[in-house]
Amino acid sequence: MKPFKRIMVIVLDSVGAGAAPDAANFNDVGADTIGHVAQVYHGRLHLPHLQAMGLANLHKGGLQGVAVESRPIGDFGTMQEISAGKDSMDGHWEMMGLPVKQPLATFPNGFPDELVSKISEFANRKILLNQPYSGTEALKDYGEEQMVTGGLIVYTSGDSVLQIAAHENVVPVTELYRICEYARTLVNQPPYQMGRVIARPFVGHDASDFKRTANRRDFSLKPTGNTVLTRLQKMSVPVIGIGKVQDIFSGEGIDTAYHNDSNDNGMVHLLHVMETTPNGFVFTNLVDFDAMYGHRRDPIGFGRALMTFDQELGDVLGKMNHDDLIMVTADHGNDPTFHGTDHTREVVPLLSYSPRLIQCGKTLGRRRTFADLGATILDNFGGQLDNGTSFLGELQ
């Protein structure tokens, strides 16, 4: 089969498709992000383009409001994760052929005094909070104190993350980034080796209206080996990252990067790249599903965001070239109806479409690893990935 000239992957951050086989290991049995969002909508979840691609075919009996498609326009399946964690970094790295096999450090009781003391000393600022916390609740409970004292709101979650929040008018964004860059240097090696340090700037007047801004930035652990991105780059295949993709891979393997203010902004960037870059690999992450609705346990907002995305997806599908391939997937789950506020261990959708596919509408089954996605991309451009199985030959 002639290779696709351009491959685009859209990661719907946290849009899981049901509990993974190993969900019990993560206390996530029963999680089903897309299934439970559909239930909350009682048949009013309208996703015509995702439906046409076979989204409901991934669920036995379909989804409320999203019918099983008898003749999908593309091929569909799910992928299960083999990485040790269920964070965005784990998911994206595994997609690009670098599963995170060793668990990274998590801090269910807060960070060690040694670590936070160094951050406090470097920043010359008091440390506020220092324990697992909902980000929005952290602002409500500590935001006003942060504005008065100039301290740093430090918190974590069930994932391997160290998050630092500060009001933009109290701690300038550039200063917060500098503090986070320093914190990153402290957690690059065991026993404190962590996946991400996240800068969480916010604005507002008081606890009633604090809001995190689009100036969030992720400072990730540098990839510990070659990825599909770096291999494509060495093969002179253009690689474009949209959203937090550049942050997740610490810029490695990315030729051109676009920062998103929102899901909508990310889709605008994707349409722009489609107009200006006719070949290569375009890797897009849309984080609002996760940050705005999953962690905040807001299934109504989650569904609304899915319907907006579906409309924008229609624009993308309508502007695809004949030799384009698009794949829509996710990096983990974040069931907004589930207990807690953390990610959920789920299989993720794998929906593919190209205008040139003729024998489409087939199931790709359940892929044994997210790395099958990267293997397919690399296979298309003439490379081979050892720890993933390409399904390129199944797309006809």
# chains A, B, ... in the order shown; residues from 1 in each chain; ligands from 1
>>> residues_around(residues="segment 125-137 of chain A", least_positions_apart="3", cutoff="9 Å", atoms="only C-alpha atoms", output="NGL selection string")
:A and (107-111 or 116-117 or 119-122 or 140-142 or 145-146 or 149-158 or 163 or 165 or 200 or 210-212 or 295-296 or 341-342)
>>> residues_around(residues="Asp159 of chain A", least_positions_apart="6", cutoff="10 Å", atoms="only C-alpha atoms", output="ChimeraX atom specification")
/A:85-89,104-108,132,194-196,342-343
>>> atom_distance(atom1="atom CA of Val268 of chain A", atom2="atom CA of Met292 of chain A")
18.9 Å
>>> atom_distance(atom1="atom CA of His59 of chain A", atom2="atom CA of Gly35 of chain A")
7.8 Å
>>> closest_residue(among="A:Gly374, A:Pro3, A:Pro172, A:Pro201", to="Leu325 of chain A", atoms="only C-alpha atoms")
A:Pro3
>>> select_by_dssp(residues="segment 140-287 of chain A", states="strand (DSSP E or B)", output="number ranges by chain")
A: 152-156, 161-167, 196-203, 211-212, 217-220, 239-242, 256-258, 280-286
>>> closest_residue(among="A:Asp218, A:Glu252, A:Glu144, A:Asp310", to="Leu45 of chain A", atoms="only C-alpha atoms")
A:Asp310
>>> residues_around(residues="Glu181 of chain A", least_positions_apart="5", cutoff="10 Å", atoms="only C-alpha atoms", output="PDB file with C-alpha atoms, in the first residue's frame")
ATOM      1  CA  GLU A 175       9.140  33.623  37.823  1.00  0.00           C
ATOM      2  CA  LEU A 176       6.789  30.676  38.372  1.00  0.00           C
ATOM      3  CA  LEU A 186      15.248  18.029  41.911  1.00  0.00           C
ATOM      4  CA  VAL A 197       6.281  19.453  37.354  1.00  0.00           C
ATOM      5  CA  ILE A 198       3.327  21.644  36.417  1.00  0.00           C
ATOM      6  CA  ALA A 199       3.134  25.431  36.684  1.00  0.00           C
ATOM      7  CA  ASP A 218       4.339  21.153  32.010  1.00  0.00           C
ATOM      8  CA  PHE A 219       7.998  20.451  32.762  1.00  0.00           C
ATOM      9  CA  SER A 220       8.335  16.757  32.003  1.00  0.00           C
TER      10      SER A 220
END
